[in-house]
>>> print(open('coords.pdb').read())   # PDB, N, CA and C atoms
ATOM      1  N   MET A  24     142.093 136.816 115.965  1.00  0.00           N
ATOM      2  CA  MET A  24     141.123 136.297 115.029  1.00  0.00           C
ATOM      3  C   MET A  24     140.966 134.786 115.176  1.00  0.00           C
ATOM      4  N   MET A  25     142.076 134.091 115.342  1.00  0.00           N
ATOM      5  CA  MET A  25     142.025 132.632 115.493  1.00  0.00           C
ATOM      6  C   MET A  25     141.297 132.241 116.775  1.00  0.00           C
ATOM      7  N   GLU A  26     141.469 133.042 117.818  1.00  0.00           N
ATOM      8  CA  GLU A  26     140.771 132.757 119.075  1.00  0.00           C
ATOM      9  C   GLU A  26     139.256 132.883 118.890  1.00  0.00           C
ATOM     10  N   PHE A  27     138.829 133.906 118.155  1.00  0.00           N
ATOM     11  CA  PHE A  27     137.411 134.085 117.877  1.00  0.00           C
ATOM     12  C   PHE A  27     136.867 132.920 117.058  1.00  0.00           C
ATOM     13  N   LEU A  28     137.611 132.469 116.059  1.00  0.00           N
ATOM     14  CA  LEU A  28     137.167 131.344 115.245  1.00  0.00           C
ATOM     15  C   LEU A  28     137.068 130.064 116.062  1.00  0.00           C
ATOM     16  N   GLU A  29     137.991 129.867 116.977  1.00  0.00           N
ATOM     17  CA  GLU A  29     137.945 128.680 117.833  1.00  0.00           C
ATOM     18  C   GLU A  29     136.730 128.729 118.763  1.00  0.00           C
ATOM     19  N   LYS A  30     136.432 129.890 119.321  1.00  0.00           N
ATOM     20  CA  LYS A  30     135.247 130.034 120.170  1.00  0.00           C
ATOM     21  C   LYS A  30     133.973 129.809 119.368  1.00  0.00           C
ATOM     22  N   ALA A  31     133.933 130.338 118.157  1.00  0.00           N
ATOM     23  CA  ALA A  31     132.757 130.158 117.310  1.00  0.00           C
ATOM     24  C   ALA A  31     132.582 128.691 116.946  1.00  0.00           C
ATOM     25  N   ARG A  32     133.672 128.000 116.649  1.00  0.00           N
ATOM     26  CA  ARG A  32     133.609 126.581 116.315  1.00  0.00           C
ATOM     27  C   ARG A  32     133.081 125.776 117.493  1.00  0.00           C
ATOM     28  N   ARG A  33     133.582 126.055 118.684  1.00  0.00           N
ATOM     29  CA  ARG A  33     133.108 125.348 119.876  1.00  0.00           C
ATOM     30  C   ARG A  33     131.637 125.628 120.142  1.00  0.00           C
ATOM     31  N   PHE A  34     131.217 126.880 119.968  1.00  0.00           N
ATOM     32  CA  PHE A  34     129.817 127.235 120.176  1.00  0.00           C
ATOM     33  C   PHE A  34     128.918 126.506 119.180  1.00  0.00           C
ATOM     34  N   LEU A  35     129.300 126.491 117.908  1.00  0.00           N
ATOM     35  CA  LEU A  35     128.495 125.816 116.894  1.00  0.00           C
ATOM     36  C   LEU A  35     128.439 124.310 117.135  1.00  0.00           C
ATOM     37  N   TRP A  36     129.556 123.732 117.547  1.00  0.00           N
ATOM     38  CA  TRP A  36     129.568 122.291 117.822  1.00  0.00           C
ATOM     39  C   TRP A  36     128.667 121.969 119.007  1.00  0.00           C
ATOM     40  N   LEU A  37     128.677 122.806 120.029  1.00  0.00           N
ATOM     41  CA  LEU A  37     127.797 122.618 121.177  1.00  0.00           C
ATOM     42  C   LEU A  37     126.334 122.729 120.756  1.00  0.00           C
ATOM     43  N   PHE A  38     126.022 123.674 119.894  1.00  0.00           N
ATOM     44  CA  PHE A  38     124.672 123.841 119.377  1.00  0.00           C
ATOM     45  C   PHE A  38     124.219 122.597 118.614  1.00  0.00           C
ATOM     46  N   ILE A  39     125.100 122.025 117.814  1.00  0.00           N
ATOM     47  CA  ILE A  39     124.783 120.802 117.069  1.00  0.00           C
ATOM     48  C   ILE A  39     124.539 119.645 118.021  1.00  0.00           C
ATOM     49  N   GLU A  40     125.376 119.504 119.047  1.00  0.00           N
ATOM     50  CA  GLU A  40     125.196 118.427 120.026  1.00  0.00           C
ATOM     51  C   GLU A  40     123.871 118.568 120.770  1.00  0.00           C
ATOM     52  N   LEU A  41     123.518 119.789 121.145  1.00  0.00           N
ATOM     53  CA  LEU A  41     122.250 120.008 121.851  1.00  0.00           C
ATOM     54  C   LEU A  41     121.058 119.680 120.954  1.00  0.00           C
ATOM     55  N   GLY A  42     121.132 120.046 119.697  1.00  0.00           N
ATOM     56  CA  GLY A  42     120.063 119.710 118.760  1.00  0.00           C
ATOM     57  C   GLY A  42     119.930 118.207 118.568  1.00  0.00           C
ATOM     58  N   PHE A  43     121.064 117.524 118.461  1.00  0.00           N
ATOM     59  CA  PHE A  43     121.066 116.071 118.313  1.00  0.00           C
ATOM     60  C   PHE A  43     120.453 115.407 119.544  1.00  0.00           C
ATOM     61  N   LEU A  44     120.813 115.878 120.726  1.00  0.00           N
ATOM     62  CA  LEU A  44     120.243 115.330 121.956  1.00  0.00           C
ATOM     63  C   LEU A  44     118.750 115.615 122.066  1.00  0.00           C
ATOM     64  N   ALA A  45     118.314 116.775 121.593  1.00  0.00           N
ATOM     65  CA  ALA A  45     116.885 117.100 121.629  1.00  0.00           C
ATOM     66  C   ALA A  45     116.101 116.150 120.728  1.00  0.00           C
ATOM     67  N   VAL A  46     116.612 115.899 119.531  1.00  0.00           N
ATOM     68  CA  VAL A  46     115.922 114.975 118.618  1.00  0.00           C
ATOM     69  C   VAL A  46     115.914 113.569 119.202  1.00  0.00           C
ATOM     70  N   LEU A  47     117.027 113.133 119.759  1.00  0.00           N
ATOM     71  CA  LEU A  47     117.074 111.801 120.366  1.00  0.00           C
ATOM     72  C   LEU A  47     116.109 111.682 121.539  1.00  0.00           C
ATOM     73  N   SER A  48     115.996 112.737 122.338  1.00  0.00           N
ATOM     74  CA  SER A  48     115.066 112.671 123.471  1.00  0.00           C
ATOM     75  C   SER A  48     113.618 112.636 122.987  1.00  0.00           C
ATOM     76  N   LEU A  49     113.304 113.346 121.906  1.00  0.00           N
ATOM     77  CA  LEU A  49     111.946 113.287 121.367  1.00  0.00           C
ATOM     78  C   LEU A  49     111.637 111.899 120.809  1.00  0.00           C
ATOM     79  N   ILE A  50     112.608 111.272 120.181  1.00  0.00           N
ATOM     80  CA  ILE A  50     112.410 109.908 119.694  1.00  0.00           C
ATOM     81  C   ILE A  50     112.203 108.952 120.862  1.00  0.00           C
ATOM     82  N   LEU A  51     112.955 109.135 121.938  1.00  0.00           N
ATOM     83  CA  LEU A  51     112.780 108.296 123.119  1.00  0.00           C
ATOM     84  C   LEU A  51     111.400 108.493 123.730  1.00  0.00           C
ATOM     85  N   ILE A  52     110.936 109.725 123.794  1.00  0.00           N
ATOM     86  CA  ILE A  52     109.593 109.992 124.321  1.00  0.00           C
ATOM     87  C   ILE A  52     108.545 109.295 123.464  1.00  0.00           C
ATOM     88  N   HIS A  53     108.727 109.345 122.149  1.00  0.00           N
ATOM     89  CA  HIS A  53     107.780 108.676 121.249  1.00  0.00           C
ATOM     90  C   HIS A  53     107.810 107.165 121.450  1.00  0.00           C
ATOM     91  N   LEU A  54     109.001 106.614 121.663  1.00  0.00           N
ATOM     92  CA  LEU A  54     109.100 105.173 121.894  1.00  0.00           C
ATOM     93  C   LEU A  54     108.432 104.764 123.201  1.00  0.00           C
ATOM     94  N   LEU A  55     108.542 105.613 124.212  1.00  0.00           N
ATOM     95  CA  LEU A  55     107.953 105.285 125.512  1.00  0.00           C
ATOM     96  C   LEU A  55     106.444 105.490 125.540  1.00  0.00           C
ATOM     97  N   LEU A  56     105.962 106.586 124.955  1.00  0.00           N
ATOM     98  CA  LEU A  56     104.547 106.928 125.062  1.00  0.00           C
ATOM     99  C   LEU A  56     103.720 106.518 123.850  1.00  0.00           C
ATOM    100  N   GLY A  57     104.363 106.256 122.738  1.00  0.00           N
ATOM    101  CA  GLY A  57     103.635 105.853 121.537  1.00  0.00           C
ATOM    102  C   GLY A  57     102.882 107.027 120.936  1.00  0.00           C
ATOM    103  N   GLU A  58     101.691 106.756 120.438  1.00  0.00           N
ATOM    104  CA  GLU A  58     100.893 107.784 119.766  1.00  0.00           C
ATOM    105  C   GLU A  58     100.371 108.846 120.723  1.00  0.00           C
ATOM    106  N   SER A  59     100.350 108.560 122.010  1.00  0.00           N
ATOM    107  CA  SER A  59      99.859 109.551 122.968  1.00  0.00           C
ATOM    108  C   SER A  59     100.942 110.562 123.357  1.00  0.00           C
ATOM    109  N   SER A  60     102.079 110.546 122.677  1.00  0.00           N
ATOM    110  CA  SER A  60     103.158 111.472 123.005  1.00  0.00           C
ATOM    111  C   SER A  60     102.903 112.884 122.486  1.00  0.00           C
ATOM    112  N   GLY A  61     101.944 113.039 121.589  1.00  0.00           N
ATOM    113  CA  GLY A  61     101.597 114.376 121.122  1.00  0.00           C
ATOM    114  C   GLY A  61     101.903 114.575 119.648  1.00  0.00           C
ATOM    115  N   GLY A  62     101.338 115.619 119.104  1.00  0.00           N
ATOM    116  CA  GLY A  62     101.487 115.899 117.685  1.00  0.00           C
ATOM    117  C   GLY A  62     102.883 116.329 117.291  1.00  0.00           C
ATOM    118  N   TYR A  63     103.495 117.184 118.120  1.00  0.00           N
ATOM    119  CA  TYR A  63     104.834 117.680 117.782  1.00  0.00           C
ATOM    120  C   TYR A  63     105.851 116.551 117.793  1.00  0.00           C
ATOM    121  N   VAL A  64     105.805 115.732 118.823  1.00  0.00           N
ATOM    122  CA  VAL A  64     106.746 114.617 118.928  1.00  0.00           C
ATOM    123  C   VAL A  64     106.538 113.653 117.762  1.00  0.00           C
ATOM    124  N   GLY A  65     105.291 113.393 117.422  1.00  0.00           N
ATOM    125  CA  GLY A  65     104.989 112.511 116.306  1.00  0.00           C
ATOM    126  C   GLY A  65     105.496 113.064 114.980  1.00  0.00           C
ATOM    127  N   SER A  66     105.365 114.379 114.793  1.00  0.00           N
ATOM    128  CA  SER A  66     105.832 114.967 113.534  1.00  0.00           C
ATOM    129  C   SER A  66     107.351 114.943 113.434  1.00  0.00           C
ATOM    130  N   VAL A  67     108.041 115.147 114.555  1.00  0.00           N
ATOM    131  CA  VAL A  67     109.502 115.060 114.539  1.00  0.00           C
ATOM    132  C   VAL A  67     109.940 113.638 114.195  1.00  0.00           C
ATOM    133  N   VAL A  68     109.295 112.657 114.801  1.00  0.00           N
ATOM    134  CA  VAL A  68     109.641 111.257 114.525  1.00  0.00           C
ATOM    135  C   VAL A  68     109.342 110.913 113.071  1.00  0.00           C
ATOM    136  N   ASP A  69     108.217 111.396 112.543  1.00  0.00           N
ATOM    137  CA  ASP A  69     107.899 111.158 111.127  1.00  0.00           C
ATOM    138  C   ASP A  69     108.957 111.761 110.212  1.00  0.00           C
ATOM    139  N   ASN A  70     109.398 112.986 110.517  1.00  0.00           N
ATOM    140  CA  ASN A  70     110.421 113.630 109.698  1.00  0.00           C
ATOM    141  C   ASN A  70     111.751 112.884 109.765  1.00  0.00           C
ATOM    142  N   VAL A  71     112.128 112.438 110.949  1.00  0.00           N
ATOM    143  CA  VAL A  71     113.377 111.681 111.084  1.00  0.00           C
ATOM    144  C   VAL A  71     113.270 110.360 110.330  1.00  0.00           C
ATOM    145  N   THR A  72     112.118 109.717 110.399  1.00  0.00           N
ATOM    146  CA  THR A  72     111.920 108.457 109.691  1.00  0.00           C
ATOM    147  C   THR A  72     111.995 108.661 108.180  1.00  0.00           C
ATOM    148  N   LYS A  73     111.363 109.710 107.672  1.00  0.00           N
ATOM    149  CA  LYS A  73     111.429 109.998 106.238  1.00  0.00           C
ATOM    150  C   LYS A  73     112.850 110.312 105.802  1.00  0.00           C
ATOM    151  N   PHE A  74     113.556 111.082 106.603  1.00  0.00           N
ATOM    152  CA  PHE A  74     114.936 111.427 106.277  1.00  0.00           C
ATOM    153  C   PHE A  74     115.821 110.191 106.294  1.00  0.00           C
ATOM    154  N   ALA A  75     115.638 109.349 107.295  1.00  0.00           N
ATOM    155  CA  ALA A  75     116.471 108.158 107.432  1.00  0.00           C
ATOM    156  C   ALA A  75     116.165 107.124 106.358  1.00  0.00           C
ATOM    157  N   SER A  76     114.925 107.031 105.920  1.00  0.00           N
ATOM    158  CA  SER A  76     114.586 106.028 104.915  1.00  0.00           C
ATOM    159  C   SER A  76     115.184 106.383 103.553  1.00  0.00           C
ATOM    160  N   GLY A  77     115.438 107.640 103.307  1.00  0.00           N
ATOM    161  CA  GLY A  77     116.052 108.048 102.053  1.00  0.00           C
ATOM    162  C   GLY A  77     117.546 107.830 102.021  1.00  0.00           C
ATOM    163  N   MET A  78     118.145 107.544 103.156  1.00  0.00           N
ATOM    164  CA  MET A  78     119.600 107.420 103.226  1.00  0.00           C
ATOM    165  C   MET A  78     120.084 105.983 103.130  1.00  0.00           C
ATOM    166  N   GLY A  79     119.240 105.018 103.256  1.00  0.00           N
ATOM    167  CA  GLY A  79     119.673 103.631 103.209  1.00  0.00           C
ATOM    168  C   GLY A  79     118.816 102.770 104.112  1.00  0.00           C
ATOM    169  N   THR A  80     119.305 101.597 104.390  1.00  0.00           N
ATOM    170  CA  THR A  80     118.542 100.682 105.236  1.00  0.00           C
ATOM    171  C   THR A  80     118.540 101.169 106.679  1.00  0.00           C
ATOM    172  N   PRO A  81     117.475 100.892 107.411  1.00  0.00           N
ATOM    173  CA  PRO A  81     117.405 101.340 108.809  1.00  0.00           C
ATOM    174  C   PRO A  81     118.513 100.759 109.691  1.00  0.00           C
ATOM    175  N   SER A  82     118.920  99.525 109.421  1.00  0.00           N
ATOM    176  CA  SER A  82     119.973  98.944 110.252  1.00  0.00           C
ATOM    177  C   SER A  82     121.299  99.662 110.036  1.00  0.00           C
ATOM    178  N   LEU A  83     121.578 100.080 108.812  1.00  0.00           N
ATOM    179  CA  LEU A  83     122.798 100.825 108.529  1.00  0.00           C
ATOM    180  C   LEU A  83     122.775 102.180 109.223  1.00  0.00           C
ATOM    181  N   ILE A  84     121.612 102.804 109.226  1.00  0.00           N
ATOM    182  CA  ILE A  84     121.469 104.096 109.888  1.00  0.00           C
ATOM    183  C   ILE A  84     121.632 103.933 111.393  1.00  0.00           C
ATOM    184  N   GLY A  85     121.052 102.878 111.951  1.00  0.00           N
ATOM    185  CA  GLY A  85     121.203 102.619 113.389  1.00  0.00           C
ATOM    186  C   GLY A  85     122.650 102.404 113.780  1.00  0.00           C
ATOM    187  N   ILE A  86     123.369 101.654 112.979  1.00  0.00           N
ATOM    188  CA  ILE A  86     124.791 101.422 113.250  1.00  0.00           C
ATOM    189  C   ILE A  86     125.553 102.738 113.164  1.00  0.00           C
ATOM    190  N   GLY A  87     125.208 103.574 112.176  1.00  0.00           N
ATOM    191  CA  GLY A  87     125.863 104.871 112.044  1.00  0.00           C
ATOM    192  C   GLY A  87     125.618 105.768 113.239  1.00  0.00           C
ATOM    193  N   VAL A  88     124.383 105.777 113.738  1.00  0.00           N
ATOM    194  CA  VAL A  88     124.057 106.600 114.907  1.00  0.00           C
ATOM    195  C   VAL A  88     124.809 106.106 116.138  1.00  0.00           C
ATOM    196  N   ILE A  89     124.854 104.801 116.326  1.00  0.00           N
ATOM    197  CA  ILE A  89     125.573 104.238 117.481  1.00  0.00           C
ATOM    198  C   ILE A  89     127.054 104.575 117.406  1.00  0.00           C
ATOM    199  N   LEU A  90     127.652 104.447 116.217  1.00  0.00           N
ATOM    200  CA  LEU A  90     129.064 104.787 116.065  1.00  0.00           C
ATOM    201  C   LEU A  90     129.310 106.272 116.305  1.00  0.00           C
ATOM    202  N   ALA A  91     128.384 107.126 115.854  1.00  0.00           N
ATOM    203  CA  ALA A  91     128.529 108.559 116.090  1.00  0.00           C
ATOM    204  C   ALA A  91     128.465 108.887 117.576  1.00  0.00           C
ATOM    205  N   ILE A  92     127.562 108.236 118.293  1.00  0.00           N
ATOM    206  CA  ILE A  92     127.451 108.472 119.737  1.00  0.00           C
ATOM    207  C   ILE A  92     128.719 108.010 120.451  1.00  0.00           C
ATOM    208  N   ILE A  93     129.231 106.853 120.077  1.00  0.00           N
ATOM    209  CA  ILE A  93     130.471 106.353 120.683  1.00  0.00           C
ATOM    210  C   ILE A  93     131.618 107.301 120.397  1.00  0.00           C
ATOM    211  N   TYR A  94     131.690 107.800 119.152  1.00  0.00           N
ATOM    212  CA  TYR A  94     132.757 108.735 118.793  1.00  0.00           C
ATOM    213  C   TYR A  94     132.662 110.016 119.620  1.00  0.00           C
ATOM    214  N   LEU A  95     131.446 110.560 119.773  1.00  0.00           N
ATOM    215  CA  LEU A  95     131.280 111.771 120.570  1.00  0.00           C
ATOM    216  C   LEU A  95     131.631 111.540 122.034  1.00  0.00           C
ATOM    217  N   LEU A  96     131.258 110.375 122.556  1.00  0.00           N
ATOM    218  CA  LEU A  96     131.607 110.077 123.947  1.00  0.00           C
ATOM    219  C   LEU A  96     133.115 109.936 124.131  1.00  0.00           C
ATOM    220  N   MET A  97     133.768 109.332 123.163  1.00  0.00           N
ATOM    221  CA  MET A  97     135.220 109.186 123.264  1.00  0.00           C
ATOM    222  C   MET A  97     135.914 110.556 123.222  1.00  0.00           C
ATOM    223  N   LEU A  98     135.380 111.473 122.421  1.00  0.00           N
ATOM    224  CA  LEU A  98     135.945 112.823 122.386  1.00  0.00           C
ATOM    225  C   LEU A  98     135.731 113.559 123.701  1.00  0.00           C
ATOM    226  N   ARG A  99     134.582 113.335 124.319  1.00  0.00           N
ATOM    227  CA  ARG A  99     134.291 113.998 125.589  1.00  0.00           C
ATOM    228  C   ARG A  99     135.125 113.440 126.734  1.00  0.00           C
ATOM    229  N   ILE A 100     135.436 112.159 126.674  1.00  0.00           N
ATOM    230  CA  ILE A 100     136.206 111.533 127.751  1.00  0.00           C
ATOM    231  C   ILE A 100     137.656 112.030 127.760  1.00  0.00           C
ATOM    232  N   LYS A 101     138.206 112.276 126.582  1.00  0.00           N
ATOM    233  CA  LYS A 101     139.611 112.708 126.492  1.00  0.00           C
ATOM    234  C   LYS A 101     139.839 114.019 127.155  1.00  0.00           C
TER     235      LYS A 101
END
>>> encode(input="coords.pdb", output="structure tokens")
Amino acid sequence: MMEFLEKARRFLWLFIELGFLAVLSLILIHLLLGESSGGYVGSVVDNVTKFASGMGTPSLIGIGVILAIIYLLMLRIK
């Protein structure tokens, strides 16, 4: 049972990482292409902006994202 739970935990964590990378790549596409990046990319960026603005200042959110990325990279390196 514990082995199954560990596999499920790893699978869910991988799913979360892939989703996070997908959102980050869409934000990067929007930054590179601007308004010509398409409706879907624009709506994702709008949703992320609305979500982030409700959580605090943008600089605090940026610092949090950078720290989260560094933490994930440090876990992957080990």
>>> residues_around(input="coords.pdb", residues="segment 34-40 of chain A", least_positions_apart="3", cutoff="12 Å", atoms="only C-alpha atoms", output="JSON, numbers by chain")
{"A": [27, 28, 29, 30, 31, 43, 44, 45, 46, 47, 91, 92, 95, 96, 99]}
>>> atom_distance(input="coords.pdb", atom1="atom N of Leu98 of chain A", atom2="atom C of Arg32 of chain A")
15.3 Å
>>> residues_around(input="coords.pdb", residues="segment 64-71 of chain A", least_positions_apart="4", cutoff="6.5 Å", atoms="only N, CA and C atoms", output="list in words")
Leu49, Ile50, His53, Ser60, Ala75 and Ser76 of chain A
>>> atom_distance(input="coords.pdb", atom1="atom N of Met24 of chain A", atom2="atom CA of Ile100 of chain A")
28.5 Å
>>> atom_distance(input="coords.pdb", atom1="atom C of Phe74 of chain A", atom2="atom C of Ile52 of chain A")
18.7 Å
